[in-house]
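Asker: Would you mind keeping the following structure in view while I ask a few things?
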Amino acid sequence: MNLEKSDAAFIRAKKLMPGGVNSPVRSFSNVDCTPPFISHAKGSHIFDIDGNDYVDYVGSWGPMILGHAHEQVVDALKKAVERGTSYGAPTELETRLAEIVQKIYPSMEVMRMVNSGTEATMSALRVARGFTGRDKIVKFIGCYHGHSDSLLVNAGSGAATFGEPSSPGVTENIAQDTIALPYNDIAAVEKIFAECGEKIACVIVEPIAGNMGLVLPENNFLPALREVTKKYGALLIFDEVMCGFRNNVQAQKPDLTCLGKVIGGGLPCACYGGKAEIMRNVSPDGKIYQAGTLSGNPLAMTAGIETLQILIDTPNFIENLNAKTSKLVEGLKNIFCANAQVPQAGSMFSIFFTNKKVTNYADATAANQEKFKRWFIKMLERGIYLAPSQFETLFVSAAHTDADIEKTLAAAKIACKELL
Ligand SMILES: *Cc1c(COP(=O)(O)O)cnc(C)c1O
């Protein structure tokens with residue numbers, strides 16, 4: 001694998017940006033490898049400036065559920081860009097996207113579009129605190145909800161990868177209001193509510209956790225969260241920025257839901273919303289302030305509308321995508337047997353090098369990260385582009401072909417022989 005041009009590009013980038021990147025995990029520093037600098041992407045493949053061609057399972061960290069540069073999305077964007085890129089005034093596009101979102105998420109009676117998942121969760125917290133008049137929040141260790149101060153306490157994703165799950169710069173006062181508990185540990189949640197439930201504004205949770213690798217909720221976890229929050233008058237916030245649209249986990253009827261990634265079809269867009277009686281407190285209907293110069297941007301709305309419309313209009317879209325993912329995951333399980341865990345949720349999956357089931361962040365960190373590093377490099381060398389950390393989730397898109405999956409499994413077979 002030749003990365004000569006990427007090496008040179010990386011040196012230039014590092015002079016100007018921390019780690020040479022605009023989001024930490026992209027630096028590949030944790031796998032001791034130059035990140036391929038990307039020139040373009042199409043369907044399930046991503047290409048770097050040295051001409052390497054990879055099967056892509058990062059999918060821009062989740063949004064690219066249709067694959068890259070989907071013709072229909074690109075055509076709609078070309079037309080949209082001719083009409084101007086931003087107005088700072090209402091458009092029908094925003095209502096159209098909101099209507100589509102509500103069809104899929106009926107619990108989101110009233111919603112607001114924002115630009116990133118970070119903004120969505122940060123705003124949802126403000127709404128929860130404003131609505132309940134309480135300060136404290138409960139989150140789960142290893143869940144990542146973006147990088148706002150209150151939520152950057154015991155966080156997953158890049159924060160876990162770089163060993164700083166809580167960031168310097170988050171003040172003691174702010175951190176004090178964030179209670180972080182182990183994922184899947186309902187006894188810990190009940191205990192904290194018994195102690196100070198009347199001070200807790202909300203519980204925020206990834207209903208399928210994807211930022212400590214993929215960790216599924218145990219059977220009673222989400223129903224129990226619904227029950228305890230209801231009992232104490234706290235709000236339940238589902239952060240579905242990653243798992244949303246790919247999975248349906250709304251059976252518990254959360255009070256607020258945060259969406260991102262897929263909703264923008266690869267452009268900057270996210271959304272938070274929920275019960276009308278709560279969301280009507282957001283400015284200008286109510287006093288809880290939240291705003292955005294580029295929120296509801298016409299290009300982002302267009303990419304979101306086209307992407308979600310294809311998802312809705314294509315018969316068995318999700319079933320087929322999930323079946324394809326299962327084929328890959330079953331193949332990986334057969335190759336690694338007891339040496340690795342390959343959890344799957346719909347079109348999301350990840351790999352932990354451990355023989356023990358992973359149910360929380362402590363289990364995830366106990367998996368063999370050295371082995372992960374070697375696995376990652378071996379796969380990259382064979383043209384398979386994975387996330388460079390075991391604390392991330394991988395995504396299959398509608399554009400992945402049987403040939404892609406066969407190529408991936410063939411590479412995994414060789415990698416496994418060299419690893420074990
Ligand atoms: C990615 C992610 C976020 C943050 O979204 P950004 O758009 O990166 O700010 C929040 N919550 C979850 C669950 C995520 O996966």
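Following the order of the structure tokens, first chain is A, next is B, and so on, with residues numbered from 1 inside each chain and ligands from 1 in the order they appear.
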Would you tabulate, counting only C-alpha atoms, all residues of stretch 54-99 of chain A that have an atom at most 10 Å from an atom of stretch 264-279 of chain A, showing the closest pair of atoms and their distance in Å to one decimal, sorted by chain then ascending number, as a Markdown table?

Answerer:
| residue | atom | partner | partner_atom | distance |
| --- | --- | --- | --- | --- |
| A:Gly59 | CA | A:Gly266 | CA | 9.0 |
| A:Ser60 | CA | A:Gly266 | CA | 7.4 |
| A:Trp61 | CA | A:Gly266 | CA | 9.8 |
| A:Gly62 | CA | A:Gly266 | CA | 8.8 |
| A:Pro63 | CA | A:Gly266 | CA | 5.4 |
| A:Met64 | CA | A:Gly266 | CA | 6.1 |
| A:Ile65 | CA | A:Gly265 | CA | 7.7 |
| A:Leu66 | CA | A:Gly265 | CA | 8.2 |
| A:Gly67 | CA | A:Gly265 | CA | 9.5 |
| A:His68 | CA | A:Gly266 | CA | 8.5 |
| A:Ala69 | CA | A:Gly266 | CA | 9.2 |
| A:His70 | CA | A:Gly265 | CA | 9.7 |
| A:Val73 | CA | A:Gly265 | CA | 8.2 |
| A:Leu97 | CA | A:Gly264 | CA | 9.7 |
| A:Ala98 | CA | A:Cys271 | CA | 9.0 |

Asker: Taking only C-alpha atoms and all ligand atoms into account, produce a table as a tab-separated table in which each residue of chain A with an atom at most 7 Å from an atom of ligand 1 appears once, together with its shortest atom pair and the distance in Å to one decimal, ordered by chain and rising number.

Answerer:
residue	atom	partner	partner_atom_place_in_ligand_line	distance
A:Ser116	CA	ligand 1	7 (O)	3.8
A:Gly117	CA	ligand 1	5 (O)	3.2
A:Thr118	CA	ligand 1	9 (O)	3.6
A:Glu119	CA	ligand 1	9 (O)	6.5
A:Thr121	CA	ligand 1	10 (C)	6.7
A:Tyr144	CA	ligand 1	12 (C)	5.4
A:His145	CA	ligand 1	11 (N)	3.6
A:Gly146	CA	ligand 1	4 (C)	3.8
A:His147	CA	ligand 1	9 (O)	6.9
A:Glu206	CA	ligand 1	13 (C)	5.6
A:Gly210	CA	ligand 1	15 (O)	6.4
A:Asn211	CA	ligand 1	15 (O)	6.2
A:Asp239	CA	ligand 1	13 (C)	5.4
A:Glu240	CA	ligand 1	13 (C)	5.7
A:Val241	CA	ligand 1	12 (C)	4.6
A:Met242	CA	ligand 1	15 (O)	4.2
A:Gly260	CA	ligand 1	7 (O)	6.1
A:Lys261	CA	ligand 1	7 (O)	6.4

Asker: Write out as a PyMOL selection string which residues come within 8 Å of A:Ile377 when counting only C-alpha atoms, dropping same-chain ones fewer than 4 positions away.

Answerer: chain A and resi 31+33+373+381

Asker: Neighbouring residues of stretch 280-286 of chain A were defined as those with any atom within 12 Å, considering only C-alpha atoms; residues of the same chain fewer than 5 positions away were excluded. Please report them as a PyMOL selection string.

Answerer: chain A and resi 108-112+123-132+272-275+291-292

Asker: Neighbouring residues of A:Phe391 were defined as those with any atom within 8 Å, considering only C-alpha atoms; residues of the same chain fewer than 6 positions away were excluded. Please report them as a PyMOL selection string.

Answerer: chain A and resi 156-158+160-161+210-214+364

Asker: For N, CA and C atoms, I'd like the residues from the last selection saved as a short mmCIF file (atom, residue, chain, number, x, y, z; two decimals), in the first residue's frame.

Answerer:
data_model
loop_
_atom_site.label_atom_id
_atom_site.label_comp_id
_atom_site.auth_asym_id
_atom_site.auth_seq_id
_atom_site.Cartn_x
_atom_site.Cartn_y
_atom_site.Cartn_z
N GLY A 156 -17.42 8.34 25.25
CA GLY A 156 -16.84 7.34 24.37
C GLY A 156 -16.25 7.95 23.11
N SER A 157 -16.20 7.16 22.04
CA SER A 157 -15.66 7.55 20.74
C SER A 157 -14.22 8.02 20.86
N GLY A 158 -13.88 9.13 20.20
CA GLY A 158 -12.50 9.62 20.24
C GLY A 158 -12.02 9.89 21.65
N ALA A 160 -12.64 8.22 24.24
CA ALA A 160 -12.19 6.94 24.80
C ALA A 160 -10.91 6.48 24.10
N THR A 161 -10.88 6.67 22.77
CA THR A 161 -9.70 6.25 22.00
C THR A 161 -8.44 6.90 22.53
N GLY A 210 -23.04 3.04 20.34
CA GLY A 210 -22.13 2.82 19.21
C GLY A 210 -20.80 3.52 19.36
N ASN A 211 -20.55 4.12 20.51
CA ASN A 211 -19.33 4.90 20.66
C ASN A 211 -18.35 4.30 21.67
N MET A 212 -18.59 3.04 22.06
CA MET A 212 -17.56 2.27 22.79
C MET A 212 -17.38 0.96 22.03
N GLY A 213 -17.36 1.05 20.68
CA GLY A 213 -17.67 -0.11 19.87
C GLY A 213 -19.17 -0.27 19.97
N LEU A 214 -19.70 -1.32 19.41
CA LEU A 214 -21.15 -1.50 19.44
C LEU A 214 -21.55 -2.32 20.67
N ALA A 364 -15.53 -3.31 27.24
CA ALA A 364 -14.95 -2.87 25.96
C ALA A 364 -13.46 -2.57 26.11
#

Asker: Extract, using only C-alpha atoms, all DNA, RNA and protein residues at most 10 Å from A:Pro223, discarding same-chain residues fewer than 6 positions from it, and format them as an mmCIF file with N, CA and C atoms, in the first residue's frame.

Answerer:
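Below you can see out00.cif, which holds the result:
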data_model
loop_
_atom_site.group_PDB
_atom_site.id
_atom_site.type_symbol
_atom_site.label_atom_id
_atom_site.label_comp_id
_atom_site.auth_asym_id
_atom_site.auth_seq_id
_atom_site.Cartn_x
_atom_site.Cartn_y
_atom_site.Cartn_z
ATOM 1 N N ILE A 186 -29.066 -1.111 35.519
ATOM 2 C CA ILE A 186 -30.291 -0.439 35.943
ATOM 3 C C ILE A 186 -30.327 -0.258 37.464
ATOM 4 N N ALA A 251 -39.838 2.017 20.936
ATOM 5 C CA ALA A 251 -40.933 1.385 21.680
ATOM 6 C C ALA A 251 -41.134 2.018 23.059
ATOM 7 N N GLN A 252 -40.057 2.549 23.634
ATOM 8 C CA GLN A 252 -40.173 3.109 25.002
ATOM 9 C C GLN A 252 -40.723 4.536 25.022
ATOM 10 N N LYS A 253 -40.996 5.089 23.833
ATOM 11 C CA LYS A 253 -41.534 6.445 23.757
ATOM 12 C C LYS A 253 -40.737 7.454 24.610
#

Asker: Rounded to one decimal, what separation in Å do you get between atom CA of A:Val25 and atom CA of A:Gln369?

Answerer: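 Straight-line distance from atom CA of A:Val25 to atom CA of A:Gln369 works out to 15.1 Å.
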
Asker: I'd like the contact shell of A:Lys333 - 12 Å cut-off, only C-alpha atoms, skipping same-chain residues fewer than 2 positions apart - returned as a list of chain:residue names.

Answerer: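 Using only C-alpha atoms, the neighbours found are A:Ser326, A:Lys327, A:Leu328, A:Val329, A:Glu330, A:Gly331, A:Ile335, A:Phe336, A:Cys337, A:Ala338, A:Asn339, A:Ala340, A:Gln341, A:Val342, A:Pro343, A:Gln344, A:Phe349, A:Ser350, A:Ile351, A:Phe352, A:Phe353, A:Asn355, A:Leu409, A:Ala412, A:Lys413, A:Cys416.
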
Asker: Please, which residues of stretch 80-216 of chain A, numbered as in this document, come out strand (DSSP E) from DSSP, as a short mmCIF file (atom, residue, chain, number, x, y, z; two decimals) with all heavy atoms, in the first residue's frame?

Answerer:
data_model
loop_
_atom_site.label_atom_id
_atom_site.label_comp_id
_atom_site.auth_asym_id
_atom_site.auth_seq_id
_atom_site.Cartn_x
_atom_site.Cartn_y
_atom_site.Cartn_z
N VAL A 110 -42.90 17.91 17.85
CA VAL A 110 -42.35 19.20 17.46
C VAL A 110 -40.83 19.05 17.48
O VAL A 110 -40.29 18.38 18.37
CB VAL A 110 -42.78 20.31 18.45
CG1 VAL A 110 -42.14 21.65 18.09
CG2 VAL A 110 -44.31 20.43 18.47
N MET A 111 -40.18 19.61 16.48
CA MET A 111 -38.72 19.41 16.39
C MET A 111 -38.01 20.65 15.89
O MET A 111 -38.63 21.57 15.36
CB MET A 111 -38.42 18.21 15.47
CG MET A 111 -38.72 18.45 14.01
SD MET A 111 -38.65 16.91 13.06
CE MET A 111 -40.33 16.29 13.25
N ARG A 112 -36.71 20.66 16.07
CA ARG A 112 -35.89 21.76 15.54
C ARG A 112 -34.66 21.20 14.85
O ARG A 112 -34.01 20.32 15.37
CB ARG A 112 -35.48 22.69 16.68
CG ARG A 112 -34.42 23.63 16.28
CD ARG A 112 -34.61 25.14 16.36
NE ARG A 112 -35.82 25.85 16.29
CZ ARG A 112 -36.08 26.92 17.06
NH1 ARG A 112 -35.23 27.29 17.98
NH2 ARG A 112 -37.20 27.59 16.89
N MET A 113 -34.37 21.73 13.65
CA MET A 113 -33.18 21.34 12.90
C MET A 113 -31.97 22.13 13.40
O MET A 113 -32.07 23.34 13.64
CB MET A 113 -33.36 21.62 11.41
CG MET A 113 -34.52 20.91 10.76
SD MET A 113 -34.29 19.12 10.73
CE MET A 113 -35.97 18.62 10.27
N VAL A 114 -30.85 21.44 13.54
CA VAL A 114 -29.58 22.07 13.91
C VAL A 114 -28.50 21.53 12.97
O VAL A 114 -28.82 20.85 12.00
CB VAL A 114 -29.24 21.82 15.39
CG1 VAL A 114 -30.21 22.55 16.31
CG2 VAL A 114 -29.24 20.32 15.71
N LYS A 136 -29.30 18.41 37.38
CA LYS A 136 -28.44 17.22 37.16
C LYS A 136 -28.91 16.39 35.97
O LYS A 136 -30.10 16.34 35.66
CB LYS A 136 -28.42 16.36 38.43
CG LYS A 136 -27.70 17.04 39.58
CD LYS A 136 -27.33 16.06 40.66
CE LYS A 136 -26.67 16.77 41.82
NZ LYS A 136 -25.39 17.42 41.46
N ILE A 137 -27.93 15.75 35.34
CA ILE A 137 -28.27 14.82 34.26
C ILE A 137 -27.58 13.48 34.51
O ILE A 137 -26.53 13.43 35.15
CB ILE A 137 -27.86 15.36 32.88
CG1 ILE A 137 -26.32 15.50 32.80
CG2 ILE A 137 -28.49 16.71 32.58
CD1 ILE A 137 -25.80 15.41 31.39
N VAL A 138 -28.19 12.43 34.00
CA VAL A 138 -27.57 11.10 34.07
C VAL A 138 -27.19 10.67 32.66
O VAL A 138 -28.01 10.77 31.74
CB VAL A 138 -28.53 10.06 34.68
CG1 VAL A 138 -27.96 8.64 34.56
CG2 VAL A 138 -28.81 10.40 36.15
N LYS A 139 -25.93 10.26 32.50
CA LYS A 139 -25.49 9.66 31.24
C LYS A 139 -24.79 8.35 31.55
O LYS A 139 -24.60 8.02 32.72
CB LYS A 139 -24.57 10.61 30.46
CG LYS A 139 -23.15 10.66 31.00
CD LYS A 139 -22.24 11.53 30.16
CE LYS A 139 -21.83 10.90 28.84
NZ LYS A 139 -20.87 9.78 28.98
N PHE A 140 -24.38 7.64 30.51
CA PHE A 140 -23.73 6.35 30.74
C PHE A 140 -22.29 6.36 30.25
O PHE A 140 -21.97 6.95 29.20
CB PHE A 140 -24.55 5.22 30.08
CG PHE A 140 -25.89 5.11 30.74
CD1 PHE A 140 -27.00 5.75 30.20
CD2 PHE A 140 -26.02 4.45 31.95
CE1 PHE A 140 -28.22 5.71 30.85
CE2 PHE A 140 -27.23 4.41 32.61
CZ PHE A 140 -28.35 5.04 32.06
N ILE A 141 -21.43 5.73 31.03
CA ILE A 141 -19.99 5.70 30.75
C ILE A 141 -19.76 5.02 29.40
O ILE A 141 -20.27 3.92 29.17
CB ILE A 141 -19.24 4.94 31.88
CG1 ILE A 141 -19.46 5.65 33.22
CG2 ILE A 141 -17.75 4.82 31.57
CD1 ILE A 141 -19.07 4.82 34.44
N THR A 178 -23.14 16.24 36.09
CA THR A 178 -23.27 15.07 35.21
C THR A 178 -22.97 13.80 36.00
O THR A 178 -21.86 13.64 36.51
CB THR A 178 -22.30 15.19 34.01
OG1 THR A 178 -22.62 16.37 33.28
CG2 THR A 178 -22.43 13.98 33.10
N ILE A 179 -23.96 12.95 36.11
CA ILE A 179 -23.78 11.69 36.81
C ILE A 179 -23.57 10.60 35.75
O ILE A 179 -24.44 10.41 34.89
CB ILE A 179 -25.02 11.36 37.67
CG1 ILE A 179 -25.25 12.47 38.69
CG2 ILE A 179 -24.88 9.99 38.33
CD1 ILE A 179 -26.66 12.48 39.29
N ALA A 180 -22.41 9.94 35.79
CA ALA A 180 -22.11 8.92 34.78
C ALA A 180 -22.17 7.53 35.40
O ALA A 180 -21.49 7.26 36.38
CB ALA A 180 -20.74 9.18 34.16
N LEU A 181 -22.98 6.67 34.82
CA LEU A 181 -23.19 5.33 35.36
C LEU A 181 -22.84 4.28 34.30
O LEU A 181 -22.85 4.57 33.11
CB LEU A 181 -24.67 5.17 35.76
CG LEU A 181 -25.20 6.19 36.78
CD1 LEU A 181 -26.70 5.98 36.99
CD2 LEU A 181 -24.46 6.07 38.11
N PRO A 182 -22.58 3.04 34.74
CA PRO A 182 -22.28 1.99 33.75
C PRO A 182 -23.50 1.66 32.88
O PRO A 182 -24.62 1.58 33.39
CB PRO A 182 -21.90 0.77 34.61
CG PRO A 182 -21.64 1.31 35.98
CD PRO A 182 -22.47 2.55 36.11
N ILE A 200 -32.80 15.46 39.31
CA ILE A 200 -32.33 14.98 38.00
C ILE A 200 -33.29 15.43 36.89
O ILE A 200 -34.48 15.11 36.91
CB ILE A 200 -32.18 13.44 38.00
CG1 ILE A 200 -31.09 13.04 39.02
CG2 ILE A 200 -31.84 12.92 36.61
CD1 ILE A 200 -30.99 11.55 39.27
N ALA A 201 -32.75 16.20 35.94
CA ALA A 201 -33.56 16.71 34.82
C ALA A 201 -33.84 15.62 33.80
O ALA A 201 -34.94 15.56 33.24
CB ALA A 201 -32.84 17.88 34.16
N CYS A 202 -32.85 14.79 33.53
CA CYS A 202 -33.02 13.81 32.45
C CYS A 202 -32.01 12.68 32.52
O CYS A 202 -30.96 12.81 33.16
CB CYS A 202 -32.91 14.50 31.09
SG CYS A 202 -31.27 15.16 30.78
N VAL A 203 -32.37 11.62 31.85
CA VAL A 203 -31.41 10.56 31.53
C VAL A 203 -31.21 10.61 30.02
O VAL A 203 -32.18 10.58 29.28
CB VAL A 203 -31.96 9.17 31.93
CG1 VAL A 203 -31.05 8.06 31.41
CG2 VAL A 203 -32.12 9.07 33.45
N ILE A 204 -29.96 10.75 29.60
CA ILE A 204 -29.67 10.70 28.17
C ILE A 204 -28.91 9.41 27.88
O ILE A 204 -27.99 9.05 28.61
CB ILE A 204 -28.90 11.95 27.69
CG1 ILE A 204 -28.70 11.91 26.16
CG2 ILE A 204 -27.56 12.13 28.39
CD1 ILE A 204 -28.27 13.22 25.54
N VAL A 205 -29.35 8.71 26.83
CA VAL A 205 -28.77 7.40 26.55
C VAL A 205 -28.72 7.15 25.05
O VAL A 205 -29.61 7.60 24.31
CB VAL A 205 -29.58 6.29 27.27
CG1 VAL A 205 -31.02 6.21 26.76
CG2 VAL A 205 -28.92 4.92 27.15
#

Asker: Just the helix (DSSP H, G or I) stuff from stretch 154-302 of chain A, please, per backbone DSSP, written as an NGL selection string.

Answerer: :A and (158-161 or 172-176 or 186-199 or 221-232 or 250-252 or 261-264 or 276-279 or 298-302)

Asker: For C-alpha atoms, I'd like the residues from the last selection saved as a PDB file, in the first residue's frame.

Answerer:
ATOM      1  CA  GLY A 158     -12.504   9.618  20.237  1.00  0.00           C
ATOM      2  CA  ALA A 159     -12.554  10.633  23.902  1.00  0.00           C
ATOM      3  CA  ALA A 160     -12.186   6.941  24.801  1.00  0.00           C
ATOM      4  CA  THR A 161      -9.700   6.247  21.998  1.00  0.00           C
ATOM      5  CA  GLU A 172     -15.604  21.025  38.051  1.00  0.00           C
ATOM      6  CA  ASN A 173     -18.963  22.759  38.459  1.00  0.00           C
ATOM      7  CA  ILE A 174     -20.294  21.504  35.174  1.00  0.00           C
ATOM      8  CA  ALA A 175     -18.923  17.981  35.654  1.00  0.00           C
ATOM      9  CA  GLN A 176     -20.597  17.845  39.081  1.00  0.00           C
ATOM     10  CA  ILE A 186     -30.291  -0.439  35.943  1.00  0.00           C
ATOM     11  CA  ALA A 187     -29.613  -1.012  39.650  1.00  0.00           C
ATOM     12  CA  ALA A 188     -27.131   1.888  39.580  1.00  0.00           C
ATOM     13  CA  VAL A 189     -29.769   4.095  37.928  1.00  0.00           C
ATOM     14  CA  GLU A 190     -32.430   3.202  40.497  1.00  0.00           C
ATOM     15  CA  LYS A 191     -29.985   3.848  43.331  1.00  0.00           C
ATOM     16  CA  ILE A 192     -29.071   7.339  42.119  1.00  0.00           C
ATOM     17  CA  PHE A 193     -32.739   8.242  41.587  1.00  0.00           C
ATOM     18  CA  ALA A 194     -33.560   7.034  45.101  1.00  0.00           C
ATOM     19  CA  GLU A 195     -30.795   9.325  46.414  1.00  0.00           C
ATOM     20  CA  CYS A 196     -31.453  12.512  44.421  1.00  0.00           C
ATOM     21  CA  GLY A 197     -34.183  11.806  41.845  1.00  0.00           C
ATOM     22  CA  GLU A 198     -35.888  15.154  42.466  1.00  0.00           C
ATOM     23  CA  LYS A 199     -32.728  16.948  41.232  1.00  0.00           C
ATOM     24  CA  PHE A 221     -32.534  -1.747  30.294  1.00  0.00           C
ATOM     25  CA  LEU A 222     -34.520   0.700  28.165  1.00  0.00           C
ATOM     26  CA  PRO A 223     -37.961  -0.165  29.640  1.00  0.00           C
ATOM     27  CA  ALA A 224     -36.508   0.266  33.137  1.00  0.00           C
ATOM     28  CA  LEU A 225     -35.072   3.673  32.193  1.00  0.00           C
ATOM     29  CA  ARG A 226     -38.523   4.708  30.965  1.00  0.00           C
ATOM     30  CA  GLU A 227     -40.108   3.575  34.188  1.00  0.00           C
ATOM     31  CA  VAL A 228     -37.689   5.219  36.601  1.00  0.00           C
ATOM     32  CA  THR A 229     -37.608   8.562  34.743  1.00  0.00           C
ATOM     33  CA  LYS A 230     -41.394   8.649  34.635  1.00  0.00           C
ATOM     34  CA  LYS A 231     -41.629   7.880  38.347  1.00  0.00           C
ATOM     35  CA  TYR A 232     -39.364  10.808  39.283  1.00  0.00           C
ATOM     36  CA  GLN A 250     -38.708   3.931  19.889  1.00  0.00           C
ATOM     37  CA  ALA A 251     -40.933   1.385  21.680  1.00  0.00           C
ATOM     38  CA  GLN A 252     -40.173   3.109  25.002  1.00  0.00           C
ATOM     39  CA  LYS A 261     -25.728  11.542  10.794  1.00  0.00           C
ATOM     40  CA  VAL A 262     -28.183   9.782   8.396  1.00  0.00           C
ATOM     41  CA  ILE A 263     -30.699  12.646   8.638  1.00  0.00           C
ATOM     42  CA  GLY A 264     -28.362  14.947   6.680  1.00  0.00           C
ATOM     43  CA  ALA A 276     -45.149  19.176  22.039  1.00  0.00           C
ATOM     44  CA  GLU A 277     -45.723  20.238  25.655  1.00  0.00           C
ATOM     45  CA  ILE A 278     -41.946  20.124  26.152  1.00  0.00           C
ATOM     46  CA  MET A 279     -40.764  21.445  22.782  1.00  0.00           C
ATOM     47  CA  PRO A 298     -31.333  24.335   2.085  1.00  0.00           C
ATOM     48  CA  LEU A 299     -28.532  22.049   0.855  1.00  0.00           C
ATOM     49  CA  ALA A 300     -28.572  19.995   4.054  1.00  0.00           C
ATOM     50  CA  MET A 301     -32.379  19.777   3.940  1.00  0.00           C
ATOM     51  CA  THR A 302     -32.229  18.637   0.309  1.00  0.00           C
TER      52      THR A 302
END

Asker: Enter the distance from atom CA of A:Gly84 to atom CA of A:Ala120, in Å, rounded to one decimal.

Answerer: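 That distance, rounded to one decimal, is 25.2 Å.
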
Asker: Enter the distance from atom CA of A:Gln309 to atom CA of A:Ala398, in Å, rounded to one decimal.

Answerer: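 If I compute the distance from atom CA of A:Gln309 to atom CA of A:Ala398, I get 13.9 Å.
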